[in-house]
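Colleague: Supplied structure: input.tsv, TSV, C-alpha atoms.
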```
chain	number	residue	atom	x	y	z
O	5	MET	CA	92.18	217.34	184.69
O	6	THR	CA	95.58	216.05	185.61
O	7	MET	CA	98.34	216.14	183.03
O	8	PRO	CA	98.91	212.82	181.22
O	9	ASP	CA	101.88	211.01	182.79
O	10	GLY	CA	103.71	210.32	179.53
O	11	TYR	CA	103.54	213.95	178.44
O	12	ALA	CA	104.53	215.34	181.82
O	13	TRP	CA	107.54	213.07	182.31
O	14	ALA	CA	108.75	213.56	178.72
O	15	ALA	CA	108.56	217.32	179.25
O	16	ILE	CA	110.39	217.01	182.59
O	17	ALA	CA	113.15	214.87	181.05
O	18	GLY	CA	113.72	217.48	178.34
O	19	LEU	CA	113.72	220.30	180.89
O	20	VAL	CA	116.33	218.50	183.00
O	21	LEU	CA	118.50	218.33	179.88
O	22	VAL	CA	117.89	222.00	179.05
O	23	VAL	CA	118.91	223.13	182.54
O	24	PHE	CA	121.95	220.85	182.59
O	25	VAL	CA	123.16	222.05	179.19
O	26	THR	CA	122.63	225.77	179.83
O	27	ARG	CA	124.29	225.63	183.25
O	28	ASN	CA	127.29	223.78	181.84
O	29	ALA	CA	127.66	225.41	178.44
O	30	PHE	CA	131.13	226.79	179.15
O	31	MET	CA	132.23	224.07	181.51
O	32	ALA	CA	133.53	221.55	179.02
O	33	LEU	CA	135.39	224.15	176.96
O	34	PRO	CA	139.19	224.08	176.99
O	35	ARG	CA	140.75	226.71	179.21
O	36	ARG	CA	141.83	229.04	176.45
O	37	PHE	CA	138.23	229.50	175.30
O	38	GLN	CA	137.01	230.42	178.76
O	39	PRO	CA	136.52	234.09	179.62
O	40	THR	CA	139.45	236.01	181.11
O	41	GLY	CA	140.43	239.50	182.21
O	42	THR	CA	137.91	242.31	182.38
O	43	PHE	CA	135.15	240.14	180.94
O	44	GLU	CA	135.67	237.50	183.60
O	45	ARG	CA	135.51	240.11	186.34
O	46	ALA	CA	132.40	241.64	184.80
O	47	LEU	CA	130.75	238.21	184.62
O	48	ARG	CA	130.80	238.15	188.39
O	49	PHE	CA	128.08	240.78	188.27
O	50	ALA	CA	125.80	238.51	186.24
O	51	PRO	CA	124.02	237.03	189.28
O	52	LEU	CA	123.44	240.54	190.67
O	53	ALA	CA	121.99	241.60	187.33
O	54	ALA	CA	119.82	238.47	187.24
O	55	LEU	CA	118.44	239.05	190.74
O	56	VAL	CA	117.62	242.65	189.82
O	57	ALA	CA	116.00	241.56	186.56
O	58	LEU	CA	114.00	238.84	188.34
O	59	THR	CA	112.59	241.14	191.00
O	60	VAL	CA	112.34	244.72	189.71
O	61	PRO	CA	109.43	244.20	187.26
O	62	THR	CA	107.33	242.58	190.01
O	63	ALA	CA	108.20	245.29	192.53
O	64	ALA	CA	107.29	248.05	190.07
O	65	GLU	CA	104.14	246.37	188.74
O	66	ALA	CA	101.68	248.76	190.37
O	67	TRP	CA	103.68	251.77	189.18
O	68	LEU	CA	103.75	250.44	185.61
O	69	VAL	CA	99.96	250.14	185.26
O	70	PRO	CA	98.86	252.68	182.62
O	71	GLY	CA	97.52	255.79	184.30
O	72	ALA	CA	98.91	254.86	187.71
O	73	GLY	CA	101.10	257.30	189.59
O	74	TRP	CA	103.47	257.29	192.51
O	75	LEU	CA	100.55	257.47	194.94
O	76	ASP	CA	99.06	254.22	193.60
O	77	ALA	CA	102.45	252.54	193.81
O	78	TRP	CA	102.74	253.75	197.42
O	79	HIS	CA	99.34	252.35	198.41
O	80	ASP	CA	100.12	249.05	196.69
O	81	GLY	CA	103.05	248.70	199.08
O	82	ARG	CA	105.28	246.52	196.93
O	83	LEU	CA	107.57	249.26	195.63
O	84	PRO	CA	108.10	250.92	199.02
O	85	ALA	CA	108.71	247.49	200.56
O	86	ALA	CA	111.31	246.77	197.89
O	87	VAL	CA	113.08	250.09	198.45
O	88	ALA	CA	113.07	249.51	202.22
O	89	THR	CA	114.43	245.99	201.77
O	90	VAL	CA	117.35	246.99	199.57
O	91	ALA	CA	118.18	250.13	201.56
O	92	VAL	CA	118.15	248.47	204.97
O	93	ALA	CA	120.02	245.41	203.69
O	94	ARG	CA	122.64	247.73	202.21
O	95	ILE	CA	123.03	249.96	205.26
O	96	ALA	CA	122.94	247.15	207.83
O	97	ARG	CA	124.90	244.85	205.49
O	98	SER	CA	122.42	242.17	206.48
O	99	PRO	CA	119.92	240.50	204.15
O	100	PHE	CA	117.86	239.43	207.14
O	101	ALA	CA	117.44	242.99	208.47
O	102	GLY	CA	116.48	244.04	204.95
O	103	LEU	CA	113.85	241.33	204.60
O	104	ALA	CA	112.38	242.16	208.01
O	105	ALA	CA	112.15	245.86	207.09
O	106	GLY	CA	110.56	245.03	203.75
O	107	VAL	CA	107.90	242.78	205.27
O	108	VAL	CA	107.08	245.39	207.91
O	109	VAL	CA	106.64	248.07	205.23
O	110	LEU	CA	104.59	245.71	203.04
O	111	LEU	CA	102.23	244.92	205.92
O	112	ALA	CA	102.06	248.50	207.21
O	113	VAL	CA	101.29	250.06	203.84
O	114	GLY	CA	99.38	247.49	201.88
O	115	GLY	CA	98.39	244.62	204.17
O	116	LEU	CA	98.30	241.04	202.96
O	117	GLY	CA	95.00	241.45	201.12
A	10	MET	CA	147.59	236.78	193.49
A	11	SER	CA	147.02	234.63	190.49
A	12	ARG	CA	145.04	231.49	191.10
A	13	PRO	CA	147.27	228.71	192.31
A	14	GLU	CA	145.87	226.10	189.96
A	15	ALA	CA	146.55	228.31	186.96
A	16	ASN	CA	150.21	227.98	187.77
A	17	GLY	CA	151.96	224.72	187.06
A	18	THR	CA	154.46	225.12	189.87
A	19	THR	CA	151.83	224.81	192.61
A	20	ARG	CA	150.30	221.65	191.23
A	21	PRO	CA	151.91	219.37	193.86
A	22	ALA	CA	150.38	221.46	196.64
A	23	GLU	CA	146.94	221.02	195.10
A	24	ALA	CA	147.51	217.28	194.87
A	25	VAL	CA	148.39	217.13	198.56
A	26	ALA	CA	145.28	219.12	199.40
A	27	GLU	CA	143.22	216.52	197.52
A	28	ARG	CA	144.09	213.91	200.12
A	29	GLN	CA	143.18	216.07	203.09
A	30	PRO	CA	139.73	215.83	204.70
A	31	PHE	CA	136.86	217.80	203.23
A	32	PRO	CA	136.98	221.42	204.51
A	33	TRP	CA	133.68	221.37	206.37
A	34	ASP	CA	134.35	224.76	207.96
A	35	ALA	CA	134.38	226.39	204.53
A	36	PHE	CA	131.23	224.45	203.65
A	37	ALA	CA	129.56	225.84	206.79
A	38	VAL	CA	130.71	229.39	205.95
A	39	GLY	CA	129.09	229.02	202.55
A	40	ALA	CA	125.85	227.62	203.92
A	41	ARG	CA	125.63	230.29	206.62
A	42	SER	CA	126.34	233.08	204.14
A	43	MET	CA	122.99	232.36	202.50
A	44	GLY	CA	121.20	233.20	205.76
A	45	SER	CA	117.73	234.56	205.25
A	46	THR	CA	118.01	233.92	201.52
A	47	VAL	CA	117.29	230.27	202.29
A	48	ILE	CA	113.97	231.40	203.77
A	49	GLY	CA	113.30	233.28	200.56
A	50	THR	CA	114.16	230.21	198.50
A	51	PHE	CA	111.82	228.19	200.73
A	52	CYS	CA	108.99	230.67	199.97
A	53	TRP	CA	109.86	230.61	196.27
A	54	GLY	CA	109.82	226.79	196.20
A	55	LEU	CA	106.58	226.71	198.14
A	56	VAL	CA	104.89	229.09	195.70
A	57	THR	CA	106.23	227.17	192.70
A	58	GLY	CA	104.99	223.89	194.18
A	59	VAL	CA	101.54	225.34	194.62
A	60	ALA	CA	101.64	226.76	191.09
A	61	LEU	CA	102.58	223.42	189.52
A	62	VAL	CA	99.77	221.55	191.25
A	63	LYS	CA	97.27	224.29	190.45
A	64	GLY	CA	98.56	224.14	186.86
A	65	GLY	CA	97.25	220.62	186.55
A	66	MET	CA	100.16	218.40	187.58
A	67	SER	CA	99.75	215.43	189.89
A	68	SER	CA	101.69	215.48	193.17
A	69	SER	CA	104.31	213.03	191.88
A	70	GLN	CA	104.73	214.89	188.59
A	71	ALA	CA	105.09	218.19	190.43
A	72	LEU	CA	107.63	216.79	192.91
A	73	GLY	CA	109.65	215.25	190.07
A	74	MET	CA	109.69	218.54	188.21
A	75	LEU	CA	110.59	220.57	191.32
A	76	VAL	CA	113.47	218.40	192.47
A	77	LEU	CA	114.89	217.28	189.10
A	78	VAL	CA	114.57	220.37	186.91
A	79	TYR	CA	115.79	222.59	189.77
A	80	SER	CA	115.28	225.93	188.11
A	81	GLY	CA	112.31	227.97	189.24
A	82	THR	CA	112.41	230.15	186.14
A	83	ALA	CA	112.47	227.17	183.78
A	84	GLN	CA	109.56	225.58	185.62
A	85	LEU	CA	107.44	228.71	185.76
A	86	ALA	CA	108.18	229.48	182.10
A	87	ALA	CA	107.31	225.94	181.00
A	88	LEU	CA	104.23	225.47	183.17
A	89	PRO	CA	101.66	227.53	181.23
A	90	LEU	CA	102.65	225.72	178.03
A	91	MET	CA	102.47	222.32	179.70
A	92	SER	CA	99.08	223.13	181.21
A	93	ALA	CA	97.84	223.92	177.71
A	94	GLY	CA	99.34	220.70	176.35
A	95	ALA	CA	101.69	222.58	173.99
A	96	ALA	CA	104.20	220.77	171.76
A	97	LEU	CA	107.17	219.48	173.76
A	98	GLY	CA	109.57	221.38	171.50
A	99	ALA	CA	107.87	224.66	172.39
A	100	VAL	CA	108.07	223.81	176.10
A	101	TRP	CA	111.80	223.12	175.87
A	102	VAL	CA	112.68	226.13	173.73
A	103	THR	CA	110.79	228.43	176.07
A	104	ALA	CA	112.68	227.06	179.06
A	105	LEU	CA	115.95	227.34	177.15
A	106	LEU	CA	115.36	231.01	176.38
A	107	ALA	CA	114.23	231.73	179.92
A	108	ASN	CA	117.47	230.16	181.17
A	109	LEU	CA	119.97	231.71	178.79
A	110	ARG	CA	121.46	233.53	181.78
A	111	PHE	CA	122.77	230.22	183.06
A	112	VAL	CA	125.11	230.11	180.07
A	113	VAL	CA	126.71	233.18	181.59
A	114	TYR	CA	126.88	231.53	185.01
A	115	SER	CA	128.53	228.48	183.51
A	116	ALA	CA	131.28	230.78	182.26
A	117	VAL	CA	131.67	232.18	185.79
A	118	VAL	CA	131.74	228.73	187.38
A	119	ALA	CA	134.06	227.37	184.70
A	120	THR	CA	136.66	230.04	185.38
A	121	GLU	CA	136.25	229.96	189.14
A	122	PHE	CA	136.67	226.18	189.33
A	123	ARG	CA	138.99	225.45	186.44
A	124	GLY	CA	141.38	222.82	187.72
A	125	LEU	CA	138.68	220.61	189.18
A	126	PRO	CA	137.90	217.32	187.42
A	127	LEU	CA	135.23	217.72	184.74
A	128	ALA	CA	132.63	215.62	186.57
A	129	ARG	CA	132.85	217.83	189.66
A	130	ARG	CA	132.66	220.99	187.56
A	131	LEU	CA	129.57	219.63	185.81
A	132	ALA	CA	127.95	218.82	189.16
A	133	LEU	CA	128.68	222.33	190.46
A	134	GLY	CA	127.37	223.79	187.21
A	135	TRP	CA	124.11	221.87	187.42
A	136	MET	CA	123.30	223.16	190.90
A	137	THR	CA	124.31	226.79	190.33
A	138	THR	CA	121.41	229.12	191.02
A	139	ASP	CA	121.12	232.90	190.90
A	140	THR	CA	121.06	233.29	194.65
A	141	ALA	CA	123.79	230.76	195.47
A	142	LEU	CA	126.24	232.26	193.00
A	143	ALA	CA	125.43	235.74	194.28
A	144	GLY	CA	125.92	234.61	197.88
A	145	TYR	CA	129.22	232.99	196.97
A	146	TYR	CA	130.63	236.21	195.56
A	147	GLY	CA	128.89	238.55	197.98
A	148	ARG	CA	130.40	236.99	201.07
A	149	GLY	CA	133.65	238.96	200.98
A	150	ALA	CA	134.69	240.73	204.18
A	151	GLY	CA	132.57	243.83	204.70
A	152	GLY	CA	130.22	242.70	201.98
A	153	GLY	CA	132.68	243.80	199.31
A	154	TRP	CA	131.23	242.42	196.12
A	155	GLU	CA	134.54	242.51	194.35
A	156	ALA	CA	136.48	240.85	197.13
A	157	SER	CA	138.42	238.39	195.04
A	158	THR	CA	138.21	234.77	196.02
A	159	GLY	CA	141.31	233.97	194.02
A	160	ASP	CA	143.50	233.72	197.11
A	161	GLU	CA	141.48	230.88	198.62
A	162	PRO	CA	142.65	227.36	197.76
A	163	LEU	CA	140.54	225.62	195.15
A	164	ARG	CA	139.31	222.98	197.62
A	165	VAL	CA	138.13	225.64	200.06
A	166	ARG	CA	136.32	227.53	197.31
A	167	GLU	CA	134.66	224.33	196.12
A	168	ALA	CA	133.50	223.50	199.66
A	169	ARG	CA	132.17	227.02	200.24
A	170	PHE	CA	130.35	226.98	196.89
A	171	LEU	CA	128.88	223.56	197.70
A	172	GLY	CA	127.70	225.00	201.01
A	173	THR	CA	125.87	227.90	199.38
A	174	ASN	CA	124.36	225.68	196.69
A	175	LEU	CA	123.21	222.90	198.99
A	176	ALA	CA	121.69	225.39	201.44
A	177	VAL	CA	119.65	226.81	198.57
A	178	TYR	CA	118.78	223.34	197.29
A	179	ALA	CA	117.59	222.31	200.75
A	180	GLY	CA	115.46	225.43	201.11
A	181	TRP	CA	114.02	224.98	197.63
A	182	SER	CA	113.23	221.28	198.05
A	183	LEU	CA	111.66	221.64	201.49
A	184	GLY	CA	109.59	224.60	200.34
A	185	SER	CA	108.40	222.87	197.21
A	186	ILE	CA	107.45	219.67	199.07
A	187	VAL	CA	105.45	221.72	201.55
A	188	GLY	CA	103.93	223.65	198.64
A	189	VAL	CA	102.80	220.51	196.83
A	190	GLY	CA	101.41	219.14	200.08
A	191	LEU	CA	99.52	222.29	200.93
A	192	ALA	CA	98.45	223.22	197.40
A	193	GLY	CA	94.82	222.60	198.23
A	194	LEU	CA	94.87	224.76	201.35
A	195	ILE	CA	96.95	227.77	200.32
A	196	PRO	CA	95.09	230.53	198.52
A	197	ASP	CA	96.77	231.96	195.42
A	198	SER	CA	98.06	235.02	197.21
A	199	PRO	CA	100.39	237.20	195.17
A	200	ARG	CA	101.31	239.06	198.35
A	201	ILE	CA	102.60	235.93	200.05
A	202	ALA	CA	104.57	235.20	196.89
A	203	TYR	CA	105.96	238.73	197.05
A	204	VAL	CA	107.71	237.98	200.36
A	205	GLY	CA	109.84	235.56	198.33
A	206	VAL	CA	110.68	238.40	195.95
A	207	LEU	CA	111.64	240.64	198.87
A	208	ALA	CA	113.92	237.94	200.26
A	209	ILE	CA	115.80	237.93	196.97
A	210	MET	CA	115.97	241.73	196.94
A	211	ALA	CA	117.46	241.56	200.44
A	212	LEU	CA	120.40	239.74	198.89
A	213	ILE	CA	120.89	242.58	196.38
A	214	GLY	CA	121.41	245.24	199.07
A	215	PRO	CA	124.80	244.20	200.45
A	216	MET	CA	126.15	243.68	196.92
A	217	LEU	CA	125.68	247.32	195.92
A	218	ALA	CA	129.10	248.35	197.18
A	219	ALA	CA	131.31	248.89	194.13
A	220	ARG	CA	130.62	251.40	191.38
A	221	ALA	CA	130.46	248.58	188.85
A	222	ALA	CA	127.81	246.82	190.95
A	223	LEU	CA	125.63	249.92	191.11
A	224	GLY	CA	125.97	250.40	187.36
A	225	ALA	CA	125.18	246.77	186.64
A	226	ALA	CA	122.08	246.91	188.86
A	227	LEU	CA	120.84	250.16	187.30
A	228	ALA	CA	121.33	248.90	183.76
A	229	ALA	CA	119.76	245.51	184.46
A	230	GLY	CA	116.80	247.04	186.26
A	231	THR	CA	116.09	249.55	183.50
A	232	VAL	CA	116.27	246.97	180.72
A	233	ALA	CA	114.18	244.50	182.75
A	234	LEU	CA	111.45	247.15	183.06
A	235	ILE	CA	111.58	247.96	179.35
A	236	GLY	CA	111.57	244.29	178.33
A	237	ARG	CA	109.18	242.94	180.96
A	238	ASP	CA	106.57	241.89	178.39
A	239	TRP	CA	108.97	240.49	175.79
A	240	PRO	CA	108.20	236.88	174.91
A	241	TRP	CA	110.11	233.97	176.46
A	242	ARG	CA	111.61	236.17	179.15
A	243	MET	CA	114.00	237.60	176.61
A	244	GLY	CA	113.77	240.85	178.54
A	245	MET	CA	115.48	239.14	181.42
A	246	PHE	CA	118.30	237.90	179.23
A	247	ALA	CA	118.73	241.38	177.72
A	248	ALA	CA	118.75	242.84	181.23
A	249	ILE	CA	121.57	240.56	182.34
A	250	ALA	CA	123.54	241.35	179.20
A	251	ALA	CA	123.07	245.07	179.89
A	252	GLY	CA	124.20	244.60	183.50
A	253	ILE	CA	127.36	242.80	182.41
A	254	ALA	CA	128.06	245.42	179.74
A	255	ALA	CA	127.76	248.17	182.36
A	256	ALA	CA	130.10	246.25	184.67
A	257	VAL	CA	132.64	245.84	181.86
A	258	VAL	CA	132.63	249.58	181.18
A	259	LEU	CA	132.83	250.56	184.85
A	260	SER	CA	135.44	248.04	185.91
A	261	ARG	CA	137.83	248.91	183.10
A	262	ARG	CA	140.75	250.34	184.97
A	263	PRO	CA	142.64	253.50	183.99
A	264	PRO	CA	146.05	252.80	182.44
A	265	SER	CA	148.45	251.94	185.21
A	266	PRO	CA	151.25	254.50	185.80
A	267	SER	CA	153.59	251.70	186.85
A	268	PRO	CA	155.60	250.24	183.97
A	269	SER	CA	155.30	246.71	185.33
A	270	PRO	CA	153.26	244.62	182.89
A	271	SER	CA	150.89	243.14	185.47
A	272	PRO	CA	148.17	240.99	183.96
A	273	PRO	CA	144.67	242.43	184.37
A	274	ALA	CA	143.48	239.46	186.43
A	275	ASP	CA	145.81	240.54	189.25
A	276	VAL	CA	144.08	243.78	190.18
A	277	GLY	CA	140.80	242.43	191.41
A	278	GLY	CA	140.92	243.22	195.11
A	279	GLY	CA	141.16	246.84	196.08
A	280	ARG	CA	138.58	249.51	195.56
```
In structure tokens, what does this structure look like?

Modeller:
Amino acid sequence: MTMPDGYAWAAIAGLVLVVFVTRNAFMALPRRFQPTGTFERALRFAPLAALVALTVPTAAEAWLVPGAGWLDAWHDGRLPAAVATVAVARIARSPFAGLAAGVVVLLAVGGLG
Amino acid sequence: MSRPEANGTTRPAEAVAERQPFPWDAFAVGARSMGSTVIGTFCWGLVTGVALVKGGMSSSQALGMLVLVYSGTAQLAALPLMSAGAALGAVWVTALLANLRFVVYSAVVATEFRGLPLARRLALGWMTTDTALAGYYGRGAGGGWEASTGDEPLRVREARFLGTNLAVYAGWSLGSIVGVGLAGLIPDSPRIAYVGVLAIMALIGPMLAARAALGAALAAGTVALIGRDWPWRMGMFAAIAAGIAAAVVLSRRPPSPSPSPSPPADVGGGR
């Protein structure tokens, strides 16, 4: 049951446009309408906020299950792996060290199952 | 240290720089700064490629979507609707809402690269991803998130930003091609997908230096948890808004004791 070609490519064309327009919404604006001062500085934290928002709900999934507690989250392994990743990356100032620590914790606690 | 291109008197210097060769060293610095994040992007692309094929797309449709749309969130938000044959308008609006954060990024890129010709700004805007933009700002010496890039010449900043973006694009494209190719062999393993999530989290760690960064992360994380089931990924948009709001509050500086009327944009560096 493959997607019909016409439908798929029409959808893709629209999505290309959506991504292009959202990523360039402010780009064509004249300078005086572009953000400045404190707001501009604060905007630099937007990617950080996005990365946190992208990842935290997945990391905390096991903990969020109704009736689940910290012990379930520990045995699931994802939350401890996330904490290890961020902590080691922060202390070592190295994303690679953080990722390695996170994978080790994920495998040690929860396995790949 | 106001940006040189914001100042009319340094225009000739910029024009001279235009004729000089492309600063490949800055490009390499940008690409290298992504480091293991590229591996994470590879995993993310691989998983998305598998998801698209398993969602009912042919290999050529999936490859077209992966390489042209170039936004994992937009693709993953649109896919369930496309699999169900939903109205095209619904597919597009869902992707638009899932990608509202890019409007914020476009403001960041627009201010960072004002002074470049419009076509080049649009190209940079199109390829700006979460991780590349984060890597671009996170690179500062000692991992200082707030290390201002305003003292670098515009050409050098553009080359470094291109380096981060193209490294991510390469990782994404390679991963997604492998994913489409292997879709039949790879089991749907959420735990393999989670390694991609960890690789993105690894990028968060070094950014948590300034008070404003910690506040932004806390606010965004809390709101993301509260809004995780909101439709169209609106929770994610709200989380980013909350993170920026926290950063605005925390990076507002106390009134300066010095009487000199220095513009606020000039106090970015130290903390």

Colleague: Given the point (97.2, 253.7, 198.9) in the file's coordinates, find the residues that have an atom at most 12 Å from it, counting only C-alpha atoms, and give them as a list in words.

Modeller: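 It turns out the residues near that spot are Ala66, Trp67, Ala72, Gly73, Trp74, Leu75, Asp76, Ala77, Trp78, His79, Asp80, Gly81, Arg82, Leu83, Pro84, Leu110, Ala112, Val113, Gly114 and Gly115 of chain O.
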
Colleague: Store the residues of this selection in a file with C-alpha atoms, as a PDB file, keeping the file's coordinate frame.

Modeller:
```
ATOM      1  CA  ALA O  66     101.680 248.760 190.370  1.00  0.00           C
ATOM      2  CA  TRP O  67     103.680 251.770 189.180  1.00  0.00           C
ATOM      3  CA  ALA O  72      98.910 254.860 187.710  1.00  0.00           C
ATOM      4  CA  GLY O  73     101.100 257.300 189.590  1.00  0.00           C
ATOM      5  CA  TRP O  74     103.470 257.290 192.510  1.00  0.00           C
ATOM      6  CA  LEU O  75     100.550 257.470 194.940  1.00  0.00           C
ATOM      7  CA  ASP O  76      99.060 254.220 193.600  1.00  0.00           C
ATOM      8  CA  ALA O  77     102.450 252.540 193.810  1.00  0.00           C
ATOM      9  CA  TRP O  78     102.740 253.750 197.420  1.00  0.00           C
ATOM     10  CA  HIS O  79      99.340 252.350 198.410  1.00  0.00           C
ATOM     11  CA  ASP O  80     100.120 249.050 196.690  1.00  0.00           C
ATOM     12  CA  GLY O  81     103.050 248.700 199.080  1.00  0.00           C
ATOM     13  CA  ARG O  82     105.280 246.520 196.930  1.00  0.00           C
ATOM     14  CA  LEU O  83     107.570 249.260 195.630  1.00  0.00           C
ATOM     15  CA  PRO O  84     108.100 250.920 199.020  1.00  0.00           C
ATOM     16  CA  LEU O 110     104.590 245.710 203.040  1.00  0.00           C
ATOM     17  CA  ALA O 112     102.060 248.500 207.210  1.00  0.00           C
ATOM     18  CA  VAL O 113     101.290 250.060 203.840  1.00  0.00           C
ATOM     19  CA  GLY O 114      99.380 247.490 201.880  1.00  0.00           C
ATOM     20  CA  GLY O 115      98.390 244.620 204.170  1.00  0.00           C
TER      21      GLY O 115
END
```

Colleague: Measure the distance from CA of Val62 in chain A to CA of Thr138 in chain A in Å and round it to one decimal.

Modeller: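 Distance between the two atoms: 22.9 Å.
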
Colleague: Got a sec: who's within 8 Å of Ala53 in chain O, counting only C-alpha atoms, leaving out chain neighbours fewer than 6 positions off, as a PyMOL selection string?

Modeller: chain A and resi 225-226+229-230+248-249+252-253

Colleague: Excluding Ala85 in chain O and its own-chain neighbours fewer than 2 positions away, which residues fall within 12 Å of it when counting all atoms listed in the file? Please give them as a ChimeraX atom specification.

Modeller: /O:60,62-64,77-83,87-93,102-115 /A:200,203-204,206-208,210-211

Colleague: I'd like the neighbourhood of Leu133 in chain A as a PyMOL selection string, where a residue qualifies if any of its atoms comes within 12 Å (using all atoms listed in the file), though same-chain residues fewer than 6 positions away should be ignored.

Modeller: (chain O and resi 24+27-28+31) or (chain A and resi 114-115+117-119+121-123+125-127+141-142+166-175)

Colleague: Leaving out Ser42 in chain A and any residue of its chain fewer than 2 positions from it, which residues lie within 10 Å of it when counting all atoms listed in the file, given as JSON, numbers by chain?

Modeller: {"O": [99], "A": [36, 37, 38, 39, 40, 44, 45, 46, 47, 141, 144, 145, 147, 148, 149, 169, 172, 173, 176]}

Colleague: Can you work out the spacing between CA of Gly94 in chain A and CA of Gly64 in chain A in Å, to one decimal?

Modeller: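 So the two atoms, CA of Gly94 in chain A and CA of Gly64 in chain A, lie 11.1 Å apart.
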
Colleague: Give me, please, the distance in Å between CA of Val20 in chain O and CA of Leu33 in chain O, quoted to one decimal.

Modeller: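 Value for the CA of Val20 in chain O-CA of Leu33 in chain O distance: 20.8 Å.
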
Colleague: So that I can check the surroundings of Gly180 in chain A, please list as a list in words every protein, DNA and RNA residue that reaches within 8 Å of it, counting only C-alpha atoms and ignoring chain neighbours fewer than 2 positions away.

Modeller: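 What passes the distance filter is Val47, Ile48, Thr50, Phe51, Gly54, Ala176, Val177, Tyr178, Ser182, Leu183 and Gly184 of chain A.
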
Colleague: Go through O:Pro34, O:Pro70, O:Pro51, O:Pro8 and flag the residue nearest chain A, using only C-alpha atoms for the distances.

Modeller: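 For chain A, the nearest of the candidates is O:Pro51.
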
Colleague: Which residue out of A:Ile186, A:Met243, A:Ala60, A:Leu77 has the minimum interatomic distance to chain O when only C-alpha atoms are used?

Modeller: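 For chain O, the nearest of the candidates is A:Leu77.
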
Colleague: Could you tell me which of A:Arg110, A:Gly49, A:Thr137, A:Ala143 comes closest to Ala251 in chain A if we count only C-alpha atoms?

Modeller: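 Once distances to Ala251 in chain A are computed over only C-alpha atoms, the minimum belongs to A:Arg110.
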
Colleague: With only C-alpha atoms counted, which protein, DNA or RNA residues have an atom no more than 10 Å from (100.6, 212.3, 183.9) in the file frame? Please answer as a ChimeraX atom specification.

Modeller: /O:5-14 /A:65-71

Colleague: Draw an axis-aligned box over all listed atoms of range 41-57 of chain O, pad each side with 8 Å, and write its centre and edge lengths in Å, one decimal, as AutoDock Vina command-line options.

Modeller:
```
--center_x 128.2 --center_y 239.8 --center_z 185.8 --size_x 40.4 --size_y 21.6 --size_z 25.8
```

Colleague: Given the choices A:Val112, A:Leu72, A:Leu85, A:Ala228, which gets closest to chain O if the distance is worked out from all atoms listed in the file?

Modeller: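 Looking only at the distances to chain O, the closest residue turns out to be A:Val112.
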
Colleague: Calculated over all atoms listed in the file, which of the candidates A:Gly193, A:Gly81, A:Pro199, A:Gly244 has the smallest distance to Pro61 in chain O?

Modeller: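 Once distances to Pro61 in chain O are computed over all atoms listed in the file, the minimum belongs to A:Gly244.
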
Colleague: Of the candidates A:Gly214, A:Gly58, A:Gly205, A:Gly188, which one gets nearest to chain O if we count all atoms listed in the file?

Modeller: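 Using all atoms listed in the file, the shortest distance to chain O belongs to A:Gly214.
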